[in-house]
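The next block is protein33.cif, given as mmCIF, C-alpha atoms.
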```
data_query
loop_
_atom_site.label_atom_id
_atom_site.label_comp_id
_atom_site.auth_asym_id
_atom_site.auth_seq_id
_atom_site.Cartn_x
_atom_site.Cartn_y
_atom_site.Cartn_z
CA MET Q 1 32.54 1.13 -31.75
CA ALA Q 2 28.73 1.35 -31.81
CA VAL Q 3 26.96 3.64 -29.36
CA ALA Q 4 23.19 3.48 -28.85
CA PHE Q 5 20.71 6.31 -28.42
CA ASP Q 6 18.01 6.08 -25.78
CA ASP Q 7 15.38 5.83 -28.55
CA GLY Q 8 17.05 2.82 -30.16
CA ARG Q 9 19.10 4.56 -32.85
CA SER Q 10 22.83 3.89 -32.99
CA PHE Q 11 25.91 5.44 -34.53
CA LEU Q 12 29.55 4.59 -34.86
CA THR Q 13 32.46 6.28 -33.15
CA ASN Q 14 35.82 6.21 -34.88
CA THR Q 15 39.19 6.74 -33.26
CA ILE Q 16 42.09 7.86 -35.42
CA SER Q 17 45.56 9.24 -34.85
CA LEU Q 18 47.08 12.19 -36.71
CA LEU Q 19 50.71 13.22 -36.91
CA ALA Q 20 51.12 16.89 -35.97
CA PRO Q 21 53.77 19.11 -37.60
CA ARG Q 22 55.90 19.01 -34.44
CA GLY Q 23 56.04 15.22 -34.47
CA ASN Q 24 53.52 14.42 -31.72
CA THR Q 25 50.50 12.25 -32.46
CA ILE Q 26 46.96 13.45 -31.80
CA SER Q 27 44.35 10.87 -30.83
CA ILE Q 28 40.84 11.80 -32.00
CA THR Q 29 37.48 10.17 -31.45
CA ALA Q 30 34.66 11.30 -33.74
CA ALA Q 31 31.00 10.43 -34.22
CA GLY Q 32 27.85 11.69 -35.87
CA SER Q 33 27.24 13.99 -38.79
CA GLY Q 34 26.36 17.62 -39.30
CA PRO Q 35 28.18 20.83 -38.40
CA PRO Q 36 31.55 20.03 -36.79
CA LEU Q 37 31.73 20.45 -33.02
CA ILE Q 38 35.17 20.03 -31.44
CA LEU Q 39 35.28 19.34 -27.68
CA LEU Q 40 38.46 20.09 -25.71
CA HIS Q 41 38.90 18.40 -22.33
CA GLY Q 42 40.13 19.89 -19.08
CA PHE Q 43 43.17 19.12 -16.91
CA PRO Q 44 44.25 16.47 -15.99
CA LEU Q 45 41.61 14.57 -17.96
CA ASP Q 46 41.09 13.08 -21.41
CA ARG Q 47 38.31 12.30 -23.89
CA ARG Q 48 36.44 10.26 -21.26
CA MET Q 49 35.18 13.44 -19.62
CA TRP Q 50 32.84 13.82 -22.63
CA GLN Q 51 31.23 10.40 -22.12
CA PHE Q 52 27.72 11.84 -21.74
CA GLN Q 53 27.92 14.04 -24.83
CA TRP Q 54 28.09 11.42 -27.60
CA SER Q 55 24.46 10.29 -27.76
CA ALA Q 56 23.06 13.71 -26.99
CA LEU Q 57 25.04 15.70 -29.56
CA ALA Q 58 26.17 13.29 -32.28
CA SER Q 59 22.68 13.07 -33.77
CA ASP Q 60 22.91 16.72 -34.87
CA PHE Q 61 26.65 17.44 -34.99
CA HIS Q 62 29.87 15.86 -36.17
CA VAL Q 63 31.35 15.55 -32.68
CA ILE Q 64 35.17 15.55 -32.72
CA VAL Q 65 37.08 14.92 -29.49
CA PRO Q 66 40.87 15.31 -29.69
CA GLU Q 67 43.05 14.50 -26.70
CA LEU Q 68 45.55 17.23 -25.87
CA GLN Q 69 49.26 16.47 -25.99
CA GLY Q 70 50.29 13.79 -23.51
CA PHE Q 71 46.76 12.92 -22.36
CA GLY Q 72 44.81 9.81 -23.23
CA MET Q 73 46.35 8.26 -26.33
CA SER Q 74 47.95 11.49 -27.62
CA THR Q 75 51.72 11.73 -27.30
CA LEU Q 76 53.75 14.55 -25.83
CA GLY Q 77 55.98 16.01 -28.51
CA GLN Q 78 58.44 17.92 -26.33
CA PRO Q 79 58.81 18.35 -22.55
CA GLN Q 80 58.06 22.06 -23.01
CA VAL Q 81 54.75 22.74 -24.76
CA SER Q 82 52.74 25.97 -25.08
CA LEU Q 83 49.03 26.59 -25.42
CA ALA Q 84 49.83 27.94 -28.90
CA ASP Q 85 51.23 24.49 -29.75
CA LEU Q 86 48.01 22.88 -28.52
CA ALA Q 87 45.90 25.33 -30.52
CA ASP Q 88 47.92 24.49 -33.62
CA ASP Q 89 47.24 20.80 -32.95
CA ILE Q 90 43.52 21.59 -33.05
CA GLU Q 91 44.03 23.35 -36.37
CA THR Q 92 45.67 20.16 -37.64
CA VAL Q 93 42.56 18.26 -36.55
CA ARG Q 94 40.26 20.76 -38.26
CA SER Q 95 42.23 20.74 -41.49
CA HIS Q 96 41.89 16.95 -41.70
CA LEU Q 97 38.34 16.41 -40.45
CA ALA Q 98 36.46 19.66 -41.14
CA ALA Q 99 38.34 21.42 -43.89
CA GLU Q 100 35.27 22.55 -45.85
CA THR Q 101 33.37 24.45 -43.17
CA ARG Q 102 33.86 26.53 -40.07
CA ILE Q 103 33.78 24.74 -36.73
CA HIS Q 104 32.06 25.10 -33.40
CA LEU Q 105 34.74 24.91 -30.69
CA CYS Q 106 33.98 24.06 -27.05
CA GLY Q 107 36.74 24.08 -24.45
CA LEU Q 108 36.41 23.34 -20.74
CA SER Q 109 38.90 24.68 -18.17
CA MET Q 110 42.33 24.07 -19.76
CA GLY Q 111 40.46 23.29 -22.96
CA GLY Q 112 38.99 26.78 -22.69
CA TYR Q 113 42.48 28.26 -22.55
CA VAL Q 114 43.31 26.34 -25.73
CA ALA Q 115 40.09 27.55 -27.35
CA LEU Q 116 41.02 31.17 -26.59
CA GLU Q 117 44.45 30.61 -28.12
CA TYR Q 118 42.81 29.01 -31.16
CA TRP Q 119 40.60 32.11 -31.51
CA GLN Q 120 43.72 34.27 -31.48
CA ARG Q 121 45.55 32.21 -34.09
CA HIS Q 122 42.85 30.66 -36.30
CA ARG Q 123 39.61 32.56 -35.74
CA ARG Q 124 38.71 32.60 -39.45
CA HIS Q 125 37.79 28.93 -39.09
CA LEU Q 126 35.37 29.48 -36.18
CA ALA Q 127 31.59 29.59 -36.46
CA ALA Q 128 31.06 29.77 -32.67
CA ILE Q 129 33.00 29.34 -29.45
CA ILE Q 130 31.86 27.82 -26.15
CA LEU Q 131 33.90 28.60 -23.04
CA ALA Q 132 32.96 26.23 -20.24
CA ASN Q 133 34.17 26.48 -16.65
CA THR Q 134 37.20 28.53 -17.61
CA LYS Q 135 38.44 32.12 -17.47
CA PRO Q 136 40.16 34.52 -19.86
CA GLY Q 137 42.72 35.95 -17.44
CA GLY Q 138 46.26 34.85 -16.79
CA ASP Q 139 47.52 33.49 -13.48
CA THR Q 140 48.42 35.62 -10.51
CA GLN Q 141 52.00 35.23 -9.39
CA SER Q 142 50.96 32.92 -6.55
CA ALA Q 143 48.80 30.80 -8.87
CA ARG Q 144 51.67 30.55 -11.33
CA GLN Q 145 54.02 29.40 -8.59
CA GLY Q 146 51.45 26.81 -7.55
CA ARG Q 147 51.34 25.41 -11.08
CA LEU Q 148 55.10 25.19 -11.29
CA ALA Q 149 55.20 23.47 -7.91
CA MET Q 150 52.66 20.89 -9.12
CA ALA Q 151 54.77 20.31 -12.22
CA GLU Q 152 57.81 19.60 -10.07
CA ALA Q 153 55.79 17.37 -7.73
CA ALA Q 154 54.43 15.31 -10.63
CA VAL Q 155 57.92 14.61 -11.94
CA ALA Q 156 59.35 13.86 -8.49
CA GLN Q 157 56.46 11.99 -6.85
CA GLY Q 158 54.14 10.82 -9.62
CA THR Q 159 50.76 11.96 -10.88
CA TRP Q 160 48.38 11.20 -8.03
CA PRO Q 161 50.37 12.79 -5.18
CA ALA Q 162 50.64 15.93 -7.33
CA VAL Q 163 47.00 16.22 -8.49
CA SER Q 164 44.95 14.54 -5.75
CA GLY Q 165 44.20 17.85 -4.06
CA MET Q 166 42.37 18.97 -7.20
CA LEU Q 167 39.58 16.40 -6.96
CA PRO Q 168 37.42 18.33 -4.44
CA LYS Q 169 37.80 21.43 -6.62
CA LEU Q 170 36.79 19.67 -9.82
CA LEU Q 171 33.49 18.29 -8.51
CA GLY Q 172 30.76 20.14 -6.68
CA ALA Q 173 29.90 19.26 -3.09
CA GLY Q 174 26.62 17.67 -4.16
CA THR Q 175 28.36 15.46 -6.69
CA ARG Q 176 30.95 14.30 -4.19
CA ALA Q 177 28.26 13.51 -1.64
CA ASN Q 178 25.68 11.88 -3.91
CA SER Q 179 27.61 10.42 -6.84
CA PRO Q 180 30.44 8.22 -5.54
CA GLU Q 181 30.66 6.34 -8.86
CA LEU Q 182 31.21 9.55 -10.81
CA THR Q 183 33.74 10.76 -8.25
CA ALA Q 184 35.62 7.48 -8.57
CA ARG Q 185 35.49 7.74 -12.36
CA VAL Q 186 37.05 11.20 -12.34
CA GLU Q 187 39.75 10.01 -9.95
CA GLU Q 188 40.48 7.08 -12.27
CA ILE Q 189 40.94 9.43 -15.24
CA MET Q 190 43.16 11.76 -13.20
CA ARG Q 191 45.36 8.88 -12.03
CA SER Q 192 45.89 7.72 -15.62
CA ALA Q 193 47.63 10.94 -16.69
CA ALA Q 194 51.38 10.59 -17.16
CA PRO Q 195 53.53 12.67 -14.77
CA GLU Q 196 55.44 14.33 -17.61
CA SER Q 197 52.14 15.32 -19.26
CA VAL Q 198 50.85 16.83 -16.02
CA ALA Q 199 54.07 18.82 -15.70
CA ALA Q 200 54.05 20.03 -19.30
CA ALA Q 201 50.40 21.12 -19.12
CA GLN Q 202 50.89 23.02 -15.86
CA ARG Q 203 53.89 24.88 -17.23
CA ALA Q 204 51.95 25.76 -20.38
CA MET Q 205 49.02 27.10 -18.36
CA ALA Q 206 51.36 29.07 -16.10
CA ASP Q 207 52.65 30.93 -19.16
CA ARG Q 208 49.31 31.42 -20.92
CA ALA Q 209 48.22 34.73 -22.43
CA ASP Q 210 45.74 37.06 -20.73
CA PHE Q 211 42.67 37.71 -22.91
CA THR Q 212 40.77 39.88 -20.45
CA ASP Q 213 41.32 43.10 -22.39
CA ARG Q 214 40.42 41.46 -25.71
CA LEU Q 215 36.95 40.13 -24.89
CA SER Q 216 35.29 43.01 -26.71
CA GLU Q 217 36.93 41.74 -29.92
CA PHE Q 218 34.85 38.55 -29.91
CA THR Q 219 32.45 39.08 -32.80
CA LEU Q 220 31.35 35.47 -33.27
CA PRO Q 221 28.54 33.76 -31.32
CA THR Q 222 29.86 32.96 -27.85
CA LEU Q 223 28.42 30.82 -25.06
CA VAL Q 224 29.88 30.94 -21.55
CA VAL Q 225 28.99 28.14 -19.13
CA THR Q 226 29.82 27.45 -15.52
CA GLY Q 227 28.44 25.49 -12.58
CA GLU Q 228 26.63 26.81 -9.54
CA GLU Q 229 29.18 25.10 -7.26
CA ASP Q 230 32.29 25.76 -9.34
CA GLU Q 231 35.07 27.03 -7.07
CA LEU Q 232 37.58 27.47 -9.90
CA ALA Q 233 35.27 29.45 -12.23
CA PRO Q 234 32.72 30.95 -9.81
CA PRO Q 235 29.41 32.09 -11.34
CA ALA Q 236 29.68 35.71 -10.21
CA ALA Q 237 33.18 36.20 -11.62
CA THR Q 238 32.34 34.28 -14.78
CA SER Q 239 29.22 36.33 -15.50
CA ARG Q 240 31.21 39.55 -15.09
CA TRP Q 241 33.74 38.70 -17.79
CA ALA Q 242 31.06 37.14 -20.01
CA GLU Q 243 29.29 40.51 -20.04
CA GLN Q 244 32.33 42.01 -21.77
CA ILE Q 245 31.80 39.80 -24.84
CA PRO Q 246 29.30 41.42 -27.24
CA GLY Q 247 26.13 39.33 -27.40
CA ALA Q 248 27.51 36.45 -25.34
CA VAL Q 249 25.08 34.00 -23.77
CA PHE Q 250 25.83 33.08 -20.14
CA LYS Q 251 24.49 29.96 -18.43
CA CYS Q 252 25.04 28.78 -14.86
CA LEU Q 253 24.08 25.14 -14.41
CA PRO Q 254 22.55 24.27 -11.02
CA SER Q 255 24.02 21.66 -8.68
CA ALA Q 256 27.24 21.33 -10.69
CA GLY Q 257 30.86 22.11 -10.00
CA HIS Q 258 33.77 22.51 -12.41
CA LEU Q 259 33.00 19.48 -14.60
CA THR Q 260 29.55 20.47 -15.85
CA PRO Q 261 29.47 17.96 -18.77
CA LEU Q 262 29.82 15.12 -16.24
CA GLU Q 263 27.89 16.56 -13.31
CA ALA Q 264 24.92 18.05 -15.18
CA PRO Q 265 25.02 16.30 -18.56
CA ARG Q 266 21.38 16.78 -19.51
CA GLU Q 267 21.47 20.51 -18.79
CA PHE Q 268 24.89 20.92 -20.41
CA ASN Q 269 23.86 19.09 -23.58
CA THR Q 270 20.59 20.98 -23.89
CA THR Q 271 22.37 24.30 -23.39
CA ILE Q 272 25.01 23.52 -26.02
CA ALA Q 273 22.57 22.16 -28.60
CA SER Q 274 20.07 24.98 -28.20
CA PHE Q 275 22.76 27.65 -28.48
CA LEU Q 276 24.27 26.15 -31.62
CA ARG Q 277 20.95 25.53 -33.33
CA ASP Q 278 19.48 28.91 -32.51
CA THR Q 279 22.37 31.36 -32.77
CA ALA Q 280 25.42 29.80 -34.35
CA ARG Q 281 24.64 28.14 -37.64
CA PRO Q 282 27.81 27.85 -39.78
#
```

Let me see whether you can do it: turn the structure in this file into structure tokens.
Amino acid sequence: MAVAFDDGRSFLTNTISLLAPRGNTISITAAGSGPPLILLHGFPLDRRMWQFQWSALASDFHVIVPELQGFGMSTLGQPQVSLADLADDIETVRSHLAAETRIHLCGLSMGGYVALEYWQRHRRHLAAIILANTKPGGDTQSARQGRLAMAEAAVAQGTWPAVSGMLPKLLGAGTRANSPELTARVEEIMRSAAPESVAAAQRAMADRADFTDRLSEFTLPTLVVTGEEDELAPPAATSRWAEQIPGAVFKCLPSAGHLTPLEAPREFNTTIASFLRDTARP
């Protein structure tokens, strides 16, 4: 598929499917050339949440967008999946598409949890890590119970009844009020997620590791991003844990909620590109 730049240039995006060691297939869309930049989507979304990143980033980077197990065109290998499994899927992607160099890895929300797990298991392959609208801590007991309840609701009632309450938390108040088309687009993506994939992802996140006490071990260039109106990763709390990472860069994007790449794409893209060009050359 050809995608055009605003200045008239164009590039091709390619979608491929890889078979992971556990038998699931991983759908990947890639474009551009340069240092590899892997983008990991949030829950319960898919590669479409990165729709504003292609033209802005693919001119300077080899942008690689895998869809996590069960989302988009990727298949769910087993009903029970862990974030370690998802991190190993990303290593499969890297070994096929960026085997000769270290990667830049950007994860948003659930994708951030996967990025942290990838750091734990495969950090030798990282040139830089970007943690967007996420957090390093594990769930409280009440949050964990809420995830498990959503998993059960998705299986029993279907995707939308289970996840519909998330929509106001994913988008900032300004976005919901002023961008009905974007709000409808996010709802469309959420509705497309399979119930069993929603359940598997929630169970995986409920059991995720807590990295709070390990932030001082991050020795690679790190960028932490959140939105001014993000209720799930509030700026004050996010800046506090970002300060524990040596040399980390923290950015709070104005007038954006939890989905900064969609709500503030120009600011998000500029922040990512500047950070990688200035501080995180492979």

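The gap separating atom CA of His62 of chain Q from atom CA of Gly34 of chain Q is 5.0 Å, in Å to one decimal.
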
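Picked out by the PyMOL selection byres ((chain Q and resi 59) around 9) when it runs on this file: Phe5, Phe11, Ala31, Gly32, Ser33, Gly34, Trp54, Ser55, Ala56, Leu57, Ala58, Asp60, Phe61 and His62 of chain Q.
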
Selection to disk with C-alpha atoms, as a PDB file, keeping the file's coordinate frame:
```pdb
ATOM      1  CA  PHE Q   5      20.710   6.310 -28.420  1.00  0.00           C
ATOM      2  CA  PHE Q  11      25.910   5.440 -34.530  1.00  0.00           C
ATOM      3  CA  ALA Q  31      31.000  10.430 -34.220  1.00  0.00           C
ATOM      4  CA  GLY Q  32      27.850  11.690 -35.870  1.00  0.00           C
ATOM      5  CA  SER Q  33      27.240  13.990 -38.790  1.00  0.00           C
ATOM      6  CA  GLY Q  34      26.360  17.620 -39.300  1.00  0.00           C
ATOM      7  CA  TRP Q  54      28.090  11.420 -27.600  1.00  0.00           C
ATOM      8  CA  SER Q  55      24.460  10.290 -27.760  1.00  0.00           C
ATOM      9  CA  ALA Q  56      23.060  13.710 -26.990  1.00  0.00           C
ATOM     10  CA  LEU Q  57      25.040  15.700 -29.560  1.00  0.00           C
ATOM     11  CA  ALA Q  58      26.170  13.290 -32.280  1.00  0.00           C
ATOM     12  CA  ASP Q  60      22.910  16.720 -34.870  1.00  0.00           C
ATOM     13  CA  PHE Q  61      26.650  17.440 -34.990  1.00  0.00           C
ATOM     14  CA  HIS Q  62      29.870  15.860 -36.170  1.00  0.00           C
TER      15      HIS Q  62
END
```

Can you list, as a VMD selection string, every protein, DNA or RNA residue that comes within 10 Å of Gln120 of chain Q when you count all atoms listed in the file, leaving out same-chain residues fewer than 4 positions away?
chain Q and resid 84 87 114 to 116 124 211 214 218

Starting from the displayed file, determine the output of the PyMOL selection byres ((chain Q and resi 20) around 12) and express the residue list as a short mmCIF file (atom, residue, chain, number, x, y, z; two decimals) with C-alpha atoms, in the coordinates of the input.
```
data_model
loop_
_atom_site.label_atom_id
_atom_site.label_comp_id
_atom_site.auth_asym_id
_atom_site.auth_seq_id
_atom_site.Cartn_x
_atom_site.Cartn_y
_atom_site.Cartn_z
CA SER Q 17 45.56 9.24 -34.85
CA LEU Q 18 47.08 12.19 -36.71
CA LEU Q 19 50.71 13.22 -36.91
CA PRO Q 21 53.77 19.11 -37.60
CA ARG Q 22 55.90 19.01 -34.44
CA GLY Q 23 56.04 15.22 -34.47
CA ASN Q 24 53.52 14.42 -31.72
CA THR Q 25 50.50 12.25 -32.46
CA ILE Q 26 46.96 13.45 -31.80
CA SER Q 27 44.35 10.87 -30.83
CA LEU Q 68 45.55 17.23 -25.87
CA GLN Q 69 49.26 16.47 -25.99
CA SER Q 74 47.95 11.49 -27.62
CA THR Q 75 51.72 11.73 -27.30
CA LEU Q 76 53.75 14.55 -25.83
CA GLY Q 77 55.98 16.01 -28.51
CA ASP Q 85 51.23 24.49 -29.75
CA LEU Q 86 48.01 22.88 -28.52
CA ALA Q 87 45.90 25.33 -30.52
CA ASP Q 88 47.92 24.49 -33.62
CA ASP Q 89 47.24 20.80 -32.95
CA ILE Q 90 43.52 21.59 -33.05
CA GLU Q 91 44.03 23.35 -36.37
CA THR Q 92 45.67 20.16 -37.64
CA VAL Q 93 42.56 18.26 -36.55
CA ARG Q 94 40.26 20.76 -38.26
CA SER Q 95 42.23 20.74 -41.49
CA HIS Q 96 41.89 16.95 -41.70
#
```

Using all atoms listed in the file, which residues sit within 9 Å of Val198 of chain Q once same-chain residues fewer than 2 positions away are excluded, as a PDB file with C-alpha atoms, keeping the file's coordinate frame?
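Everything below was put into part-v3.pdb:
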```
ATOM      1  CA  PHE Q  43      43.170  19.120 -16.910  1.00  0.00           C
ATOM      2  CA  PRO Q  44      44.250  16.470 -15.990  1.00  0.00           C
ATOM      3  CA  GLY Q  70      50.290  13.790 -23.510  1.00  0.00           C
ATOM      4  CA  PHE Q  71      46.760  12.920 -22.360  1.00  0.00           C
ATOM      5  CA  MET Q 150      52.660  20.890  -9.120  1.00  0.00           C
ATOM      6  CA  ALA Q 151      54.770  20.310 -12.220  1.00  0.00           C
ATOM      7  CA  ALA Q 154      54.430  15.310 -10.630  1.00  0.00           C
ATOM      8  CA  VAL Q 155      57.920  14.610 -11.940  1.00  0.00           C
ATOM      9  CA  THR Q 159      50.760  11.960 -10.880  1.00  0.00           C
ATOM     10  CA  ALA Q 162      50.640  15.930  -7.330  1.00  0.00           C
ATOM     11  CA  VAL Q 163      47.000  16.220  -8.490  1.00  0.00           C
ATOM     12  CA  ALA Q 193      47.630  10.940 -16.690  1.00  0.00           C
ATOM     13  CA  ALA Q 194      51.380  10.590 -17.160  1.00  0.00           C
ATOM     14  CA  PRO Q 195      53.530  12.670 -14.770  1.00  0.00           C
ATOM     15  CA  GLU Q 196      55.440  14.330 -17.610  1.00  0.00           C
ATOM     16  CA  ALA Q 200      54.050  20.030 -19.300  1.00  0.00           C
ATOM     17  CA  ALA Q 201      50.400  21.120 -19.120  1.00  0.00           C
ATOM     18  CA  GLN Q 202      50.890  23.020 -15.860  1.00  0.00           C
ATOM     19  CA  ARG Q 203      53.890  24.880 -17.230  1.00  0.00           C
TER      20      ARG Q 203
END
```

Run the PyMOL selection byres ((chain Q and resi 65) around 7) on the file and write out the hits as a ChimeraX atom specification.
/Q:28-30,38-40,47,63-64,66-67

Take the residues that were just selected and, keeping C-alpha atoms, output them as a compact mmCIF listing (two decimals), in the coordinates of the input.
```
# COMPACT_ATOMS: atom_id res chain seq x y z
CA ILE Q 28 40.84 11.80 -32.00
CA THR Q 29 37.48 10.17 -31.45
CA ALA Q 30 34.66 11.30 -33.74
CA ILE Q 38 35.17 20.03 -31.44
CA LEU Q 39 35.28 19.34 -27.68
CA LEU Q 40 38.46 20.09 -25.71
CA ARG Q 47 38.31 12.30 -23.89
CA VAL Q 63 31.35 15.55 -32.68
CA ILE Q 64 35.17 15.55 -32.72
CA PRO Q 66 40.87 15.31 -29.69
CA GLU Q 67 43.05 14.50 -26.70
```

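Ranking Q:Arg48, Q:Arg144, Q:Arg277, Q:Lys169 by their shortest atom-to-atom distance to Ala127 of chain Q, with all atoms listed in the file included, puts Q:Arg277 first.
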
List the spatial neighbours of Ala204 of chain Q as a ChimeraX atom specification - criterion: any atom at most 7 Å away, only C-alpha atoms, same-chain residues fewer than 4 positions off excluded.
/Q:81-83,200,208

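We find atom CA of Leu126 of chain Q and atom CA of Val225 of chain Q to be spaced 18.3 Å apart.
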
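You will find atom CA of Ala128 of chain Q at 8.5 Å from atom CA of Cys106 of chain Q.
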
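Using only C-alpha atoms for every distance, the candidate list Q:Pro136, Q:Pro265, Q:Gly257, Q:Gly247 yields Q:Gly257 as the residue closest to Arg176 of chain Q.
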
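Checking Q:Leu170, Q:Arg266, Q:Thr183, Q:Ser239 one by one against Gly42 of chain Q, counting only C-alpha atoms, you find the shortest gap at Q:Leu170.
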
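Taking all atoms listed in the file into account, the protein, DNA and RNA residues within 9 Å of (37.4, 17.4, -10.1) read Met166, Leu167, Pro168, Lys169, Leu170, Leu171, Gly172, Thr183, Val186, Glu187, Met190, Gly257, His258 and Leu259 of chain Q.
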
Please identify all polymer residues within 6 Å of Leu131 of chain Q, counting all atoms listed in the file, omitting same-chain residues fewer than 2 positions from it, and present them as a VMD selection string.
chain Q and resid 107 112 224

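With distances restricted to only C-alpha atoms, Q:Leu223 is the closest residue to Ala273 of chain Q from Q:Ser216, Q:Ser142, Q:Ala99, Q:Leu223.
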
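When all atoms listed in the file are used to compute distances to Ala132 of chain Q, the closest of the residues Q:Tyr113, Q:Pro161, Q:Pro246, Q:Glu100 turns out to be Q:Tyr113.
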
Which of these residues is nearest to His122 of chain Q, using only C-alpha atoms: Q:Asp139, Q:Arg102, Q:Leu108, Q:Trp50?
Q:Arg102

Restore N, CA and C atoms in segment 170-192 of chain Q and list the result as a short mmCIF file (atom, residue, chain, number, x, y, z; two decimals), keeping the file's coordinate frame.
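The new file result-v3.cif reads:
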```cif
data_model
loop_
_atom_site.label_atom_id
_atom_site.label_comp_id
_atom_site.auth_asym_id
_atom_site.auth_seq_id
_atom_site.Cartn_x
_atom_site.Cartn_y
_atom_site.Cartn_z
N LEU Q 170 37.35 19.97 -8.51
CA LEU Q 170 36.79 19.67 -9.82
C LEU Q 170 35.31 19.34 -9.75
N LEU Q 171 34.88 18.72 -8.65
CA LEU Q 171 33.49 18.29 -8.51
C LEU Q 171 32.79 19.09 -7.42
N GLY Q 172 31.53 19.41 -7.67
CA GLY Q 172 30.76 20.14 -6.68
C GLY Q 172 30.50 19.30 -5.44
N ALA Q 173 30.15 19.97 -4.35
CA ALA Q 173 29.90 19.26 -3.09
C ALA Q 173 28.78 18.24 -3.23
N GLY Q 174 27.73 18.59 -3.96
CA GLY Q 174 26.62 17.67 -4.16
C GLY Q 174 27.04 16.43 -4.91
N THR Q 175 27.87 16.60 -5.93
CA THR Q 175 28.36 15.46 -6.69
C THR Q 175 29.20 14.55 -5.82
N ARG Q 176 30.09 15.12 -5.04
CA ARG Q 176 30.95 14.30 -4.19
C ARG Q 176 30.14 13.54 -3.15
N ALA Q 177 29.06 14.15 -2.67
CA ALA Q 177 28.26 13.51 -1.64
C ALA Q 177 27.31 12.46 -2.20
N ASN Q 178 26.77 12.71 -3.39
CA ASN Q 178 25.68 11.88 -3.91
C ASN Q 178 26.05 10.99 -5.08
N SER Q 179 27.23 11.20 -5.66
CA SER Q 179 27.61 10.42 -6.84
C SER Q 179 29.00 9.81 -6.66
N PRO Q 180 29.12 8.82 -5.77
CA PRO Q 180 30.44 8.22 -5.54
C PRO Q 180 31.01 7.55 -6.79
N GLU Q 181 30.16 6.99 -7.64
CA GLU Q 181 30.66 6.34 -8.86
C GLU Q 181 31.28 7.35 -9.81
N LEU Q 182 30.65 8.52 -9.94
CA LEU Q 182 31.21 9.55 -10.81
C LEU Q 182 32.50 10.10 -10.22
N THR Q 183 32.52 10.29 -8.91
CA THR Q 183 33.74 10.76 -8.25
C THR Q 183 34.89 9.78 -8.47
N ALA Q 184 34.59 8.49 -8.34
CA ALA Q 184 35.62 7.48 -8.57
C ALA Q 184 36.07 7.47 -10.03
N ARG Q 185 35.14 7.71 -10.94
CA ARG Q 185 35.49 7.74 -12.36
C ARG Q 185 36.44 8.89 -12.66
N VAL Q 186 36.17 10.06 -12.12
CA VAL Q 186 37.05 11.20 -12.34
C VAL Q 186 38.42 10.93 -11.74
N GLU Q 187 38.45 10.35 -10.55
CA GLU Q 187 39.75 10.01 -9.95
C GLU Q 187 40.52 9.03 -10.83
N GLU Q 188 39.83 8.04 -11.39
CA GLU Q 188 40.48 7.08 -12.27
C GLU Q 188 41.13 7.76 -13.47
N ILE Q 189 40.40 8.71 -14.07
CA ILE Q 189 40.94 9.43 -15.24
C ILE Q 189 42.15 10.26 -14.82
N MET Q 190 42.05 10.94 -13.69
CA MET Q 190 43.16 11.76 -13.20
C MET Q 190 44.40 10.91 -12.96
N ARG Q 191 44.23 9.75 -12.34
CA ARG Q 191 45.36 8.88 -12.03
C ARG Q 191 46.06 8.38 -13.28
N SER Q 192 45.32 8.28 -14.40
CA SER Q 192 45.89 7.72 -15.62
C SER Q 192 46.80 8.68 -16.36
#
```
